[in-house]
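The file data_18.tsv contains TSV, C-alpha atoms and all ligand atoms:
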```tsv
chain	number	residue	atom	x	y	z
P	744	VAL	CA	105.39	-13.96	2.45
P	745	PHE	CA	104.02	-12.37	-0.71
P	746	ASP	CA	100.34	-11.53	-0.96
P	747	VAL	CA	100.59	-12.18	-4.68
P	748	LEU	CA	103.44	-13.98	-6.38
P	749	VAL	CA	103.32	-13.83	-10.16
P	750	VAL	CA	105.21	-16.60	-11.95
P	751	GLY	CA	106.11	-15.41	-15.46
P	752	GLY	CA	107.09	-11.96	-16.69
P	753	GLY	CA	105.44	-11.65	-20.09
P	754	PRO	CA	102.52	-9.33	-20.90
P	755	ALA	CA	100.15	-11.34	-18.67
P	756	GLY	CA	102.52	-11.37	-15.70
P	757	ALA	CA	103.38	-7.68	-16.05
P	758	ALA	CA	99.71	-6.72	-16.11
P	759	ALA	CA	98.99	-8.95	-13.11
P	760	ALA	CA	101.87	-7.38	-11.16
P	761	ILE	CA	100.72	-3.84	-11.91
P	762	TYR	CA	97.11	-4.56	-10.95
P	763	ALA	CA	98.18	-6.33	-7.74
P	764	ALA	CA	100.68	-3.67	-6.69
P	765	ARG	CA	98.09	-0.94	-7.21
P	766	LYS	CA	96.06	-2.57	-4.44
P	767	GLY	CA	98.95	-1.85	-2.08
P	768	ILE	CA	99.65	-5.52	-1.41
P	769	LYS	CA	103.03	-7.24	-1.34
P	770	THR	CA	103.69	-8.36	-4.89
P	771	GLY	CA	106.52	-10.31	-6.49
P	772	VAL	CA	107.27	-11.45	-10.05
P	773	LEU	CA	109.43	-14.45	-10.78
P	774	ALA	CA	110.48	-14.70	-14.43
P	775	GLU	CA	112.85	-16.80	-16.41
P	776	ARG	CA	113.07	-14.05	-19.02
P	777	PHE	CA	111.22	-10.83	-18.23
P	778	GLY	CA	109.36	-9.71	-21.36
P	779	GLY	CA	108.46	-13.20	-22.55
P	780	GLN	CA	107.64	-14.04	-26.15
P	781	VAL	CA	107.55	-10.41	-27.22
P	782	LEU	CA	111.35	-10.40	-26.92
P	783	ASP	CA	111.34	-12.66	-30.00
P	784	THR	CA	108.92	-10.48	-31.94
P	785	LEU	CA	109.76	-7.83	-34.50
P	786	ALA	CA	106.81	-5.63	-35.37
P	787	ILE	CA	103.79	-5.40	-33.10
P	788	GLU	CA	100.95	-3.59	-34.85
P	789	ASN	CA	97.89	-4.91	-33.03
P	790	PHE	CA	98.31	-3.79	-29.45
P	791	VAL	CA	95.36	-1.46	-29.39
P	792	SER	CA	96.31	2.23	-28.94
P	793	VAL	CA	99.95	1.61	-29.95
P	794	GLN	CA	99.96	1.80	-33.74
P	795	GLU	CA	103.37	0.28	-34.14
P	796	THR	CA	106.18	-0.88	-31.91
P	797	ASP	CA	108.69	-3.70	-31.82
P	798	GLY	CA	109.05	-6.56	-29.36
P	799	PRO	CA	112.17	-5.49	-27.46
P	800	LYS	CA	110.78	-1.94	-27.09
P	801	PHE	CA	107.49	-3.31	-25.85
P	802	ALA	CA	109.31	-5.54	-23.33
P	803	VAL	CA	111.23	-2.56	-21.95
P	804	ALA	CA	107.98	-0.62	-21.62
P	805	LEU	CA	106.41	-3.53	-19.73
P	806	GLU	CA	109.30	-3.65	-17.28
P	807	GLN	CA	109.39	0.13	-16.80
P	808	HIS	CA	105.69	0.18	-16.07
P	809	VAL	CA	106.02	-2.60	-13.48
P	810	LYS	CA	108.96	-0.77	-11.90
P	811	GLN	CA	106.74	2.26	-11.27
P	812	TYR	CA	105.33	0.21	-8.39
P	813	GLU	CA	106.76	-1.59	-5.42
P	814	VAL	CA	107.12	-4.96	-7.08
P	815	ASP	CA	109.90	-7.37	-6.23
P	816	ILE	CA	111.14	-8.50	-9.67
P	817	MET	CA	113.17	-11.71	-9.62
P	818	ASN	CA	114.42	-12.10	-13.19
P	819	THR	CA	116.29	-15.07	-14.71
P	820	GLN	CA	114.74	-17.41	-12.16
P	821	ARG	CA	112.80	-20.49	-13.20
P	822	ALA	CA	110.02	-22.03	-11.14
P	823	VAL	CA	110.24	-25.81	-11.00
P	824	LYS	CA	107.54	-26.68	-8.49
P	825	LEU	CA	104.36	-25.30	-6.95
P	826	VAL	CA	103.25	-26.59	-3.56
P	827	PRO	CA	99.69	-25.38	-2.91
P	828	GLY	CA	98.49	-24.53	0.59
P	829	LYS	CA	97.07	-21.69	2.67
P	830	VAL	CA	100.53	-20.28	2.07
P	831	ALA	CA	101.72	-21.72	-1.22
P	832	GLU	CA	105.34	-22.40	-2.05
P	833	VAL	CA	107.08	-21.82	-5.35
P	834	HIS	CA	110.41	-23.58	-5.69
P	835	THR	CA	113.01	-22.25	-8.13
P	836	ALA	CA	115.66	-24.07	-10.14
P	837	THR	CA	118.34	-22.61	-7.88
P	838	GLY	CA	116.68	-24.13	-4.80
P	839	ALA	CA	115.04	-21.01	-3.40
P	840	VAL	CA	111.54	-21.35	-1.91
P	841	LEU	CA	109.18	-18.39	-2.21
P	842	LYS	CA	106.02	-18.20	-0.13
P	843	ALA	CA	102.78	-16.54	-1.16
P	844	LYS	CA	99.16	-16.32	-0.11
P	845	THR	CA	98.07	-16.27	-3.75
P	846	VAL	CA	99.91	-17.27	-6.90
P	847	ILE	CA	99.30	-16.15	-10.47
P	848	LEU	CA	100.72	-18.49	-13.10
P	849	SER	CA	101.55	-16.70	-16.35
P	850	THR	CA	104.39	-18.76	-17.79
P	851	GLY	CA	103.22	-18.42	-21.38
P	852	ALA	CA	103.86	-20.78	-24.23
P	853	ARG	CA	106.31	-21.53	-26.99
P	854	TRP	CA	105.74	-22.41	-30.62
P	855	ARG	CA	106.65	-25.96	-31.56
P	856	GLU	CA	109.44	-25.77	-34.11
P	857	ILE	CA	109.97	-28.06	-37.10
P	858	ASN	CA	113.73	-28.17	-36.53
P	859	VAL	CA	114.91	-28.06	-40.11
P	860	PRO	CA	117.86	-26.10	-41.52
P	861	GLY	CA	116.87	-22.48	-42.16
P	862	GLU	CA	114.13	-22.27	-39.53
P	863	LYS	CA	116.22	-20.57	-36.85
P	864	GLU	CA	118.32	-18.54	-39.31
P	865	TYR	CA	115.27	-16.97	-40.95
P	866	ARG	CA	113.02	-16.62	-37.91
P	867	ASN	CA	111.41	-13.18	-38.25
P	868	HIS	CA	112.92	-12.93	-41.74
P	869	GLY	CA	110.29	-14.98	-43.49
P	870	VAL	CA	109.77	-17.74	-40.93
P	871	ALA	CA	106.76	-16.84	-38.80
P	872	TYR	CA	104.52	-18.53	-36.28
P	873	CYS	CA	101.58	-16.17	-35.81
P	874	PRO	CA	99.29	-15.37	-38.76
P	875	HIS	CA	97.33	-12.77	-36.75
P	876	CYS	CA	100.60	-10.99	-36.04
P	877	ASP	CA	102.69	-11.37	-39.17
P	878	GLY	CA	100.17	-12.19	-41.93
P	879	PRO	CA	99.91	-8.57	-43.17
P	880	LEU	CA	103.71	-8.43	-43.64
P	881	PHE	CA	103.30	-10.92	-46.50
P	882	LYS	CA	100.65	-9.00	-48.44
P	883	GLY	CA	100.81	-9.96	-52.11
P	884	LYS	CA	103.55	-12.54	-51.53
P	885	ARG	CA	103.73	-16.35	-51.67
P	886	VAL	CA	103.75	-18.27	-48.41
P	887	SER	CA	103.44	-21.77	-47.14
P	888	VAL	CA	101.77	-23.01	-43.98
P	889	ILE	CA	103.27	-26.09	-42.39
P	890	GLY	CA	100.70	-28.17	-40.53
P	891	GLY	CA	97.21	-29.36	-41.46
P	892	GLY	CA	95.54	-29.34	-38.05
P	893	ASN	CA	92.98	-26.72	-37.07
P	894	SER	CA	95.55	-23.99	-36.53
P	895	GLY	CA	97.32	-24.69	-39.82
P	896	VAL	CA	94.12	-24.73	-41.85
P	897	GLU	CA	92.80	-21.63	-40.06
P	898	ALA	CA	96.10	-19.91	-40.80
P	899	ALA	CA	95.91	-20.88	-44.48
P	900	ILE	CA	92.33	-19.53	-44.78
P	901	ASP	CA	93.31	-16.33	-42.97
P	902	LEU	CA	96.45	-15.82	-45.08
P	903	ALA	CA	94.68	-16.60	-48.38
P	904	GLY	CA	92.76	-13.34	-47.94
P	905	ILE	CA	95.98	-11.33	-47.65
P	906	VAL	CA	98.76	-12.99	-49.60
P	907	GLN	CA	99.03	-13.94	-53.27
P	908	HIS	CA	99.26	-17.71	-52.80
P	909	VAL	CA	99.32	-20.24	-49.96
P	910	THR	CA	100.76	-23.75	-50.09
P	911	LEU	CA	99.62	-25.84	-47.15
P	912	ILE	CA	101.99	-28.67	-46.31
P	913	GLU	CA	100.78	-31.61	-44.25
P	914	PHE	CA	103.05	-34.41	-43.04
P	915	GLY	CA	100.31	-37.06	-42.84
P	916	ASN	CA	98.15	-38.37	-45.64
P	917	GLU	CA	95.10	-36.36	-44.60
P	918	LEU	CA	94.29	-33.02	-42.99
P	919	ARG	CA	93.39	-33.20	-39.31
P	920	ALA	CA	91.35	-29.99	-39.23
P	921	ASP	CA	87.57	-29.87	-38.71
P	922	ALA	CA	85.59	-30.72	-41.85
P	923	VAL	CA	84.01	-27.26	-42.06
P	924	LEU	CA	87.48	-25.67	-42.16
P	925	GLN	CA	88.65	-28.13	-44.79
P	926	ARG	CA	85.64	-27.31	-46.97
P	927	LYS	CA	86.39	-23.62	-46.69
P	928	LEU	CA	90.05	-24.24	-47.47
P	929	HIS	CA	89.29	-26.26	-50.60
P	930	SER	CA	86.92	-23.53	-51.86
P	931	LEU	CA	89.74	-20.97	-52.02
P	932	PRO	CA	91.30	-20.42	-55.45
P	933	ASN	CA	94.75	-19.39	-54.23
P	934	VAL	CA	95.47	-22.29	-51.89
P	935	LYS	CA	97.22	-25.52	-52.79
P	936	VAL	CA	97.35	-28.44	-50.36
P	937	ILE	CA	100.22	-30.93	-50.43
P	938	MET	CA	99.82	-34.07	-48.32
P	939	SER	CA	102.38	-36.66	-47.17
P	940	ALA	CA	105.06	-34.02	-47.37
P	941	GLN	CA	107.95	-33.68	-44.96
P	942	THR	CA	109.57	-30.26	-44.92
P	943	THR	CA	113.32	-30.75	-45.12
P	944	GLU	CA	114.73	-27.25	-45.42
P	945	ILE	CA	113.84	-23.57	-45.53
P	946	HIS	CA	116.00	-21.75	-48.06
P	947	GLY	CA	117.10	-18.14	-48.02
P	948	ASP	CA	119.48	-15.67	-49.61
P	949	GLY	CA	121.28	-14.88	-46.37
P	950	LYS	CA	118.76	-12.18	-45.49
P	951	LYS	CA	115.32	-13.57	-46.08
P	952	VAL	CA	113.40	-16.68	-47.05
P	953	THR	CA	113.34	-17.61	-50.74
P	954	GLY	CA	111.95	-21.12	-50.72
P	955	LEU	CA	111.23	-24.42	-49.08
P	956	SER	CA	112.06	-28.03	-49.83
P	957	TYR	CA	109.95	-31.02	-48.93
P	958	LYS	CA	110.15	-34.74	-49.43
P	959	ASP	CA	107.17	-36.60	-50.86
P	960	ARG	CA	106.83	-39.34	-48.26
P	961	ASN	CA	105.27	-41.75	-50.77
P	962	THR	CA	107.95	-41.49	-53.46
P	963	ASN	CA	110.86	-40.05	-51.44
P	964	GLU	CA	111.27	-37.43	-54.15
P	965	LEU	CA	112.49	-33.99	-53.13
P	966	HIS	CA	110.61	-30.90	-54.33
P	967	ARG	CA	111.38	-27.21	-54.02
P	968	ILE	CA	108.87	-24.34	-53.87
P	969	ASP	CA	109.82	-20.67	-54.35
P	970	LEU	CA	108.15	-18.43	-51.79
P	971	GLU	CA	108.73	-15.54	-49.41
P	972	GLY	CA	107.20	-16.76	-46.17
P	973	VAL	CA	106.75	-19.91	-44.10
P	974	PHE	CA	104.22	-20.12	-41.27
P	975	VAL	CA	104.95	-22.98	-38.90
P	976	GLN	CA	101.68	-24.20	-37.38
P	977	ILE	CA	102.44	-27.46	-35.67
P	978	GLY	CA	101.34	-26.50	-32.21
P	979	LEU	CA	101.78	-24.13	-29.29
P	980	VAL	CA	103.28	-25.73	-26.20
P	981	PRO	CA	102.20	-24.24	-22.86
P	982	ASN	CA	105.00	-23.81	-20.30
P	983	ALA	CA	103.09	-25.80	-17.71
P	984	GLU	CA	105.05	-29.04	-17.55
P	985	PHE	CA	106.21	-28.22	-14.00
P	986	LEU	CA	102.57	-28.00	-12.86
P	987	LYS	CA	101.52	-31.51	-13.88
P	988	GLY	CA	99.70	-33.14	-10.98
P	989	THR	CA	99.30	-29.80	-9.13
P	990	VAL	CA	96.69	-27.83	-11.08
P	991	ALA	CA	94.23	-29.23	-13.62
P	992	LEU	CA	95.57	-29.08	-17.17
P	993	SER	CA	93.62	-29.53	-20.42
P	994	LYS	CA	94.48	-32.31	-22.85
P	995	HIS	CA	96.74	-29.81	-24.61
P	996	GLY	CA	98.60	-29.18	-21.36
P	997	GLU	CA	97.09	-25.72	-20.77
P	998	ILE	CA	96.08	-24.61	-17.28
P	999	GLU	CA	92.31	-24.78	-16.99
P	1000	ILE	CA	90.79	-21.52	-15.77
P	1001	ASP	CA	87.34	-20.07	-15.33
P	1002	ALA	CA	86.21	-16.59	-16.35
P	1003	LYS	CA	87.94	-15.12	-13.27
P	1004	GLY	CA	91.27	-16.77	-13.98
P	1005	GLN	CA	90.76	-19.25	-11.12
P	1006	THR	CA	92.52	-22.61	-11.51
P	1007	SER	CA	91.46	-25.89	-9.90
P	1008	VAL	CA	93.42	-24.90	-6.77
P	1009	PRO	CA	91.98	-22.19	-4.46
P	1010	GLY	CA	94.27	-19.17	-4.29
P	1011	VAL	CA	96.07	-20.13	-7.49
P	1012	PHE	CA	95.14	-18.13	-10.56
P	1013	ALA	CA	96.47	-18.16	-14.10
P	1014	ALA	CA	96.55	-15.87	-17.12
P	1015	GLY	CA	97.74	-15.63	-20.69
P	1016	ASP	CA	99.07	-18.12	-23.21
P	1017	VAL	CA	99.67	-20.85	-20.60
P	1018	THR	CA	95.93	-21.15	-20.00
P	1019	THR	CA	92.89	-22.45	-21.85
P	1020	VAL	CA	92.04	-18.88	-22.94
P	1021	PRO	CA	91.06	-18.89	-26.60
P	1022	TYR	CA	93.34	-16.85	-28.91
P	1023	LYS	CA	96.88	-16.22	-27.76
P	1024	GLN	CA	97.63	-12.53	-28.19
P	1025	ILE	CA	99.31	-9.77	-26.20
P	1026	VAL	CA	96.17	-7.71	-25.76
P	1027	ILE	CA	94.34	-10.80	-24.51
P	1028	ALA	CA	97.16	-11.84	-22.16
P	1029	VAL	CA	97.26	-8.34	-20.66
P	1030	GLY	CA	93.52	-8.41	-19.98
P	1031	ALA	CA	93.76	-11.87	-18.47
P	1032	GLY	CA	96.61	-10.76	-16.21
P	1033	ALA	CA	94.47	-7.94	-14.87
P	1034	THR	CA	91.57	-10.33	-14.32
P	1035	ALA	CA	93.76	-12.79	-12.41
P	1036	ALA	CA	95.19	-10.05	-10.17
P	1037	LEU	CA	91.76	-8.67	-9.32
P	1038	SER	CA	90.58	-12.22	-8.55
P	1039	ALA	CA	93.63	-12.83	-6.35
P	1040	PHE	CA	92.86	-9.61	-4.46
P	1041	ASP	CA	89.25	-10.68	-4.09
P	1042	HIS	CA	90.44	-14.04	-2.72
P	1043	LEU	CA	92.72	-12.26	-0.20
P	1044	ILE	CA	90.01	-9.98	1.20
P	1045	ARG	CA	87.61	-12.90	1.54
P	1046	SER	CA	90.09	-15.26	3.14
P	1047	GLY	CA	89.90	-13.32	6.36
P	1048	ASP	CA	93.48	-12.56	7.26
P	1049	ASP	CA	95.69	-9.66	6.26
W	1101	LIG	P1	104.83	-15.08	-22.51
W	1101	LIG	O1	105.01	-13.85	-23.29
W	1101	LIG	O2	105.19	-16.39	-23.11
W	1101	LIG	O3	105.64	-14.90	-21.15
W	1101	LIG	C1	105.87	-15.97	-20.28
W	1101	LIG	C2	106.81	-15.55	-19.17
W	1101	LIG	O4	106.96	-16.63	-18.26
W	1101	LIG	C3	108.22	-15.21	-19.61
W	1101	LIG	O5	108.74	-14.21	-18.79
W	1101	LIG	C4	108.96	-16.54	-19.39
W	1101	LIG	O6	110.36	-16.37	-19.25
W	1101	LIG	C5	108.34	-16.94	-18.09
W	1101	LIG	N1	108.43	-18.36	-17.72
W	1101	LIG	C6	108.14	-19.46	-18.46
W	1101	LIG	N2	108.31	-20.58	-17.73
W	1101	LIG	C7	108.71	-20.17	-16.51
W	1101	LIG	C8	109.04	-20.84	-15.29
W	1101	LIG	N3	108.99	-22.17	-15.16
W	1101	LIG	N4	109.43	-20.09	-14.21
W	1101	LIG	C9	109.50	-18.74	-14.29
W	1101	LIG	N5	109.18	-18.04	-15.41
W	1101	LIG	C10	108.79	-18.76	-16.50
W	1101	LIG	N6	100.89	-11.25	-30.10
W	1101	LIG	C11	100.30	-10.10	-30.48
W	1101	LIG	O7	99.30	-9.70	-29.89
W	1101	LIG	N7	100.81	-9.36	-31.51
W	1101	LIG	C12	101.94	-9.72	-32.19
W	1101	LIG	O8	102.36	-9.03	-33.13
W	1101	LIG	C13	102.59	-10.94	-31.79
W	1101	LIG	N8	103.68	-11.38	-32.47
W	1101	LIG	C14	104.30	-12.52	-32.03
W	1101	LIG	C15	105.46	-12.92	-32.71
W	1101	LIG	C16	106.16	-14.03	-32.26
W	1101	LIG	C17	107.44	-14.43	-32.97
W	1101	LIG	C18	105.68	-14.76	-31.14
W	1101	LIG	C19	106.46	-15.95	-30.61
W	1101	LIG	C20	104.51	-14.39	-30.51
W	1101	LIG	C21	103.80	-13.26	-30.96
W	1101	LIG	N9	102.60	-12.86	-30.34
W	1101	LIG	C22	102.02	-11.68	-30.73
W	1101	LIG	C23	102.00	-13.62	-29.23
W	1101	LIG	C24	102.32	-12.94	-27.90
W	1101	LIG	O9	103.72	-12.75	-27.80
W	1101	LIG	C25	101.81	-13.78	-26.74
W	1101	LIG	O10	100.40	-13.98	-26.86
W	1101	LIG	C26	102.06	-13.11	-25.40
W	1101	LIG	O11	103.43	-12.82	-25.23
W	1101	LIG	C27	101.58	-13.98	-24.25
W	1101	LIG	O12	101.92	-13.40	-23.04
W	1101	LIG	P2	102.11	-14.26	-21.73
W	1101	LIG	O13	102.49	-13.29	-20.68
W	1101	LIG	O14	100.93	-15.12	-21.51
W	1101	LIG	O15	103.32	-15.28	-22.02
```

Please lay out the structure from this file as structure tokens.
Amino acid sequence: VFDVLVVGGGPAGAAAAIYAARKGIKTGVLAERFGGQVLDTLAIENFVSVQETDGPKFAVALEQHVKQYEVDIMNTQRAVKLVPGKVAEVHTATGAVLKAKTVILSTGARWREINVPGEKEYRNHGVAYCPHCDGPLFKGKRVSVIGGGNSGVEAAIDLAGIVQHVTLIEFGNELRADAVLQRKLHSLPNVKVIMSAQTTEIHGDGKKVTGLSYKDRNTNELHRIDLEGVFVQIGLVPNAEFLKGTVALSKHGEIEIDAKGQTSVPGVFAAGDVTTVPYKQIVIAVGAGATAALSAFDHLIRSGDD
């Protein structure tokens, strides 16, 4: 029986494992893909105190740090079910059942993709998902943002201050973002908004993005825009589907937590992109992982057994 079982091996899970193990308690990490989203990231320039690194390097550093401690790492294993209890059970896709006095859920999230030709081919070569992360790489260039909800409009406002020109492309016939954001967006001289537009393809020269095509949904006409970057902002999907009916989820499917990382189930904590935490970033996930581990330890010492 683990004292703390961490489900998810991204930045949040790694931090949780390190903080738990340093308390000298029996700690395990179950991860489908140790490293998490950073494995899909090129440059990381905003992890405070590390001026510049890349995703795969960062993932190796995470794993090496965890391995400094007595942590049972179970990689390439997917959790499919959580059964809460005084001793909780985590069931894996292969049929194994792991038992733990406390569980920390840190299964992260994935960007919703638009699934058009060119998106996968040019991912990290002009196709981006995170304006906080990759915006500065497009300084002085032309980009588009796909999606007119809050995150799309926020991204367009953010990028307008860095890049030469932003074209915001919305599928519907109106923007879904808050009015105050829309007002700000429309006040910017270097932003153009195109409504009722369905992105059909992202073009490139074999190495990087060179343009984007969209269909005008009113006229069915195809249009092409020349640009260097495409930010896809049609939603972040938390990896919490397997927890439905077990822990309380927000309307966006994120695990609801309080300031200590406590979920709706005693002894079950959560951290990182899978939760309701505002702003999904590595530095934030790492802090949340530490918080969840300290809360799990606190729960263990108060629950009266060893
Ligand atoms: P994740 O990194 O998503 O890790 C989740 C972990 O859980 C993984 O190990 C996964 O395999 C595992 N998992 C999922 N489901 C299950 C399951 N059912 N059972 C077992 N394990 C499971 N942030 C920055 O701060 N700076 C950047 O420059 C930056 N660039 C980015 C670029 C890209 C392309 C992307 C996609 C994201 C970027 N981010 C960046 C965001 C950052 O990667 C995330 O905020 C961070 O990784 C969140 O950490 P996490 O541990 O919560 O989740």

#### Entry: Residue neighbourhood P:Thr1006, 10 Å, all atoms listed in the file, exclusion window fewer than 5 positions, as an NGL selection string
:P and (847-848 or 990-992 or 998-1001 or 1011-1014 or 1018 or 1035)

Produce a table with one row for each residue of chain P that has an atom at most 7 Å from any atom of ligand LIG 1101 (chain W), each row naming the nearest atom pair and its distance in Å at one decimal; use all atoms listed in the file; arrange rows by chain and rising residue number; format as a tab-separated table.
```
residue	atom	partner	partner_atom	distance
P:Val750	CA	W:LIG1101	C9	5.3
P:Gly751	CA	W:LIG1101	O4	3.2
P:Gly752	CA	W:LIG1101	O5	3.5
P:Gly753	CA	W:LIG1101	O3	3.4
P:Pro754	CA	W:LIG1101	O13	4.0
P:Ala755	CA	W:LIG1101	O13	3.6
P:Gly756	CA	W:LIG1101	O13	5.3
P:Leu773	CA	W:LIG1101	C9	5.5
P:Ala774	CA	W:LIG1101	N5	3.7
P:Glu775	CA	W:LIG1101	O6	3.8
P:Arg776	CA	W:LIG1101	O6	3.6
P:Phe777	CA	W:LIG1101	O5	4.2
P:Gly778	CA	W:LIG1101	O5	5.2
P:Gly779	CA	W:LIG1101	C3	3.6
P:Gln780	CA	W:LIG1101	O1	3.9
P:Val781	CA	W:LIG1101	O9	4.5
P:Asp783	CA	W:LIG1101	C17	5.2
P:Thr784	CA	W:LIG1101	C15	4.3
P:Leu785	CA	W:LIG1101	C15	6.9
P:Ala786	CA	W:LIG1101	O8	6.0
P:Ile787	CA	W:LIG1101	O8	3.9
P:Glu788	CA	W:LIG1101	O8	5.9
P:Asn789	CA	W:LIG1101	N7	5.5
P:Phe790	CA	W:LIG1101	O7	6.0
P:Gln820	CA	W:LIG1101	C9	5.8
P:Arg821	CA	W:LIG1101	N4	3.5
P:Ala822	CA	W:LIG1101	N4	3.7
P:Val823	CA	W:LIG1101	N3	5.7
P:Ser849	CA	W:LIG1101	O14	5.4
P:Thr850	CA	W:LIG1101	O4	3.4
P:Gly851	CA	W:LIG1101	O15	3.2
P:Ala852	CA	W:LIG1101	O2	4.7
P:Arg853	CA	W:LIG1101	O2	6.5
P:Trp854	CA	W:LIG1101	C19	6.5
P:Asn867	CA	W:LIG1101	C17	6.7
P:Ala871	CA	W:LIG1101	C17	6.3
P:Tyr872	CA	W:LIG1101	C17	6.0
P:Cys873	CA	W:LIG1101	C14	5.9
P:Cys876	CA	W:LIG1101	O8	3.9
P:Asp877	CA	W:LIG1101	O8	6.5
P:Asn982	CA	W:LIG1101	N2	5.3
P:Phe985	CA	W:LIG1101	N3	6.8
P:Ala1014	CA	W:LIG1101	O14	6.2
P:Gly1015	CA	W:LIG1101	O14	3.3
P:Asp1016	CA	W:LIG1101	O14	3.9
P:Val1017	CA	W:LIG1101	O14	5.9
P:Lys1023	CA	W:LIG1101	O10	4.3
P:Gln1024	CA	W:LIG1101	O10	3.4
P:Ile1025	CA	W:LIG1101	O7	3.7
P:Val1026	CA	W:LIG1101	O7	5.6
P:Ala1028	CA	W:LIG1101	O14	5.0
```

Hey, can you spit out that residue selection with C-alpha atoms as a PDB file, in the frame of the given file?
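And here is the file that came out, out.pdb:
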```pdb
ATOM      1  CA  VAL P 750     105.210 -16.600 -11.950  1.00  0.00           C
ATOM      2  CA  GLY P 751     106.110 -15.410 -15.460  1.00  0.00           C
ATOM      3  CA  GLY P 752     107.090 -11.960 -16.690  1.00  0.00           C
ATOM      4  CA  GLY P 753     105.440 -11.650 -20.090  1.00  0.00           C
ATOM      5  CA  PRO P 754     102.520  -9.330 -20.900  1.00  0.00           C
ATOM      6  CA  ALA P 755     100.150 -11.340 -18.670  1.00  0.00           C
ATOM      7  CA  GLY P 756     102.520 -11.370 -15.700  1.00  0.00           C
ATOM      8  CA  LEU P 773     109.430 -14.450 -10.780  1.00  0.00           C
ATOM      9  CA  ALA P 774     110.480 -14.700 -14.430  1.00  0.00           C
ATOM     10  CA  GLU P 775     112.850 -16.800 -16.410  1.00  0.00           C
ATOM     11  CA  ARG P 776     113.070 -14.050 -19.020  1.00  0.00           C
ATOM     12  CA  PHE P 777     111.220 -10.830 -18.230  1.00  0.00           C
ATOM     13  CA  GLY P 778     109.360  -9.710 -21.360  1.00  0.00           C
ATOM     14  CA  GLY P 779     108.460 -13.200 -22.550  1.00  0.00           C
ATOM     15  CA  GLN P 780     107.640 -14.040 -26.150  1.00  0.00           C
ATOM     16  CA  VAL P 781     107.550 -10.410 -27.220  1.00  0.00           C
ATOM     17  CA  ASP P 783     111.340 -12.660 -30.000  1.00  0.00           C
ATOM     18  CA  THR P 784     108.920 -10.480 -31.940  1.00  0.00           C
ATOM     19  CA  LEU P 785     109.760  -7.830 -34.500  1.00  0.00           C
ATOM     20  CA  ALA P 786     106.810  -5.630 -35.370  1.00  0.00           C
ATOM     21  CA  ILE P 787     103.790  -5.400 -33.100  1.00  0.00           C
ATOM     22  CA  GLU P 788     100.950  -3.590 -34.850  1.00  0.00           C
ATOM     23  CA  ASN P 789      97.890  -4.910 -33.030  1.00  0.00           C
ATOM     24  CA  PHE P 790      98.310  -3.790 -29.450  1.00  0.00           C
ATOM     25  CA  GLN P 820     114.740 -17.410 -12.160  1.00  0.00           C
ATOM     26  CA  ARG P 821     112.800 -20.490 -13.200  1.00  0.00           C
ATOM     27  CA  ALA P 822     110.020 -22.030 -11.140  1.00  0.00           C
ATOM     28  CA  VAL P 823     110.240 -25.810 -11.000  1.00  0.00           C
ATOM     29  CA  SER P 849     101.550 -16.700 -16.350  1.00  0.00           C
ATOM     30  CA  THR P 850     104.390 -18.760 -17.790  1.00  0.00           C
ATOM     31  CA  GLY P 851     103.220 -18.420 -21.380  1.00  0.00           C
ATOM     32  CA  ALA P 852     103.860 -20.780 -24.230  1.00  0.00           C
ATOM     33  CA  ARG P 853     106.310 -21.530 -26.990  1.00  0.00           C
ATOM     34  CA  TRP P 854     105.740 -22.410 -30.620  1.00  0.00           C
ATOM     35  CA  ASN P 867     111.410 -13.180 -38.250  1.00  0.00           C
ATOM     36  CA  ALA P 871     106.760 -16.840 -38.800  1.00  0.00           C
ATOM     37  CA  TYR P 872     104.520 -18.530 -36.280  1.00  0.00           C
ATOM     38  CA  CYS P 873     101.580 -16.170 -35.810  1.00  0.00           C
ATOM     39  CA  CYS P 876     100.600 -10.990 -36.040  1.00  0.00           C
ATOM     40  CA  ASP P 877     102.690 -11.370 -39.170  1.00  0.00           C
ATOM     41  CA  ASN P 982     105.000 -23.810 -20.300  1.00  0.00           C
ATOM     42  CA  PHE P 985     106.210 -28.220 -14.000  1.00  0.00           C
ATOM     43  CA  ALA P1014      96.550 -15.870 -17.120  1.00  0.00           C
ATOM     44  CA  GLY P1015      97.740 -15.630 -20.690  1.00  0.00           C
ATOM     45  CA  ASP P1016      99.070 -18.120 -23.210  1.00  0.00           C
ATOM     46  CA  VAL P1017      99.670 -20.850 -20.600  1.00  0.00           C
ATOM     47  CA  LYS P1023      96.880 -16.220 -27.760  1.00  0.00           C
ATOM     48  CA  GLN P1024      97.630 -12.530 -28.190  1.00  0.00           C
ATOM     49  CA  ILE P1025      99.310  -9.770 -26.200  1.00  0.00           C
ATOM     50  CA  VAL P1026      96.170  -7.710 -25.760  1.00  0.00           C
ATOM     51  CA  ALA P1028      97.160 -11.840 -22.160  1.00  0.00           C
TER      52      ALA P1028
END
```

### Task
Can you work out the spacing between atom CA of P:Asp959 and atom CA of P:Ser939 in Å, to one decimal?
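That distance, rounded to one decimal, is 6.0 Å.
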
### Task
Go ahead and compute the interatomic distance for atom CA of P:Asp969 and atom CA of P:Lys927, in Å to one decimal.
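About the pair atom CA of P:Asp969 and atom CA of P:Lys927: they are 24.8 Å apart.
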
What are the closest atom pairs, with distances in Å to one decimal, for each residue of stretch 968-1001 of chain P lying within 8 Å of stretch 879-888 of chain P, using all atoms listed in the file, rows by chain and rising residue number, as CSV?
```
residue,atom,partner,partner_atom,distance
P:Asp969,CA,P:Arg885,CA,7.9
P:Leu970,CA,P:Arg885,CA,4.9
P:Glu971,CA,P:Arg885,CA,5.5
P:Gly972,CA,P:Val886,CA,4.4
P:Val973,CA,P:Ser887,CA,4.9
P:Phe974,CA,P:Val888,CA,4.7
P:Val975,CA,P:Val888,CA,6.0
P:Gln976,CA,P:Val888,CA,6.7
```
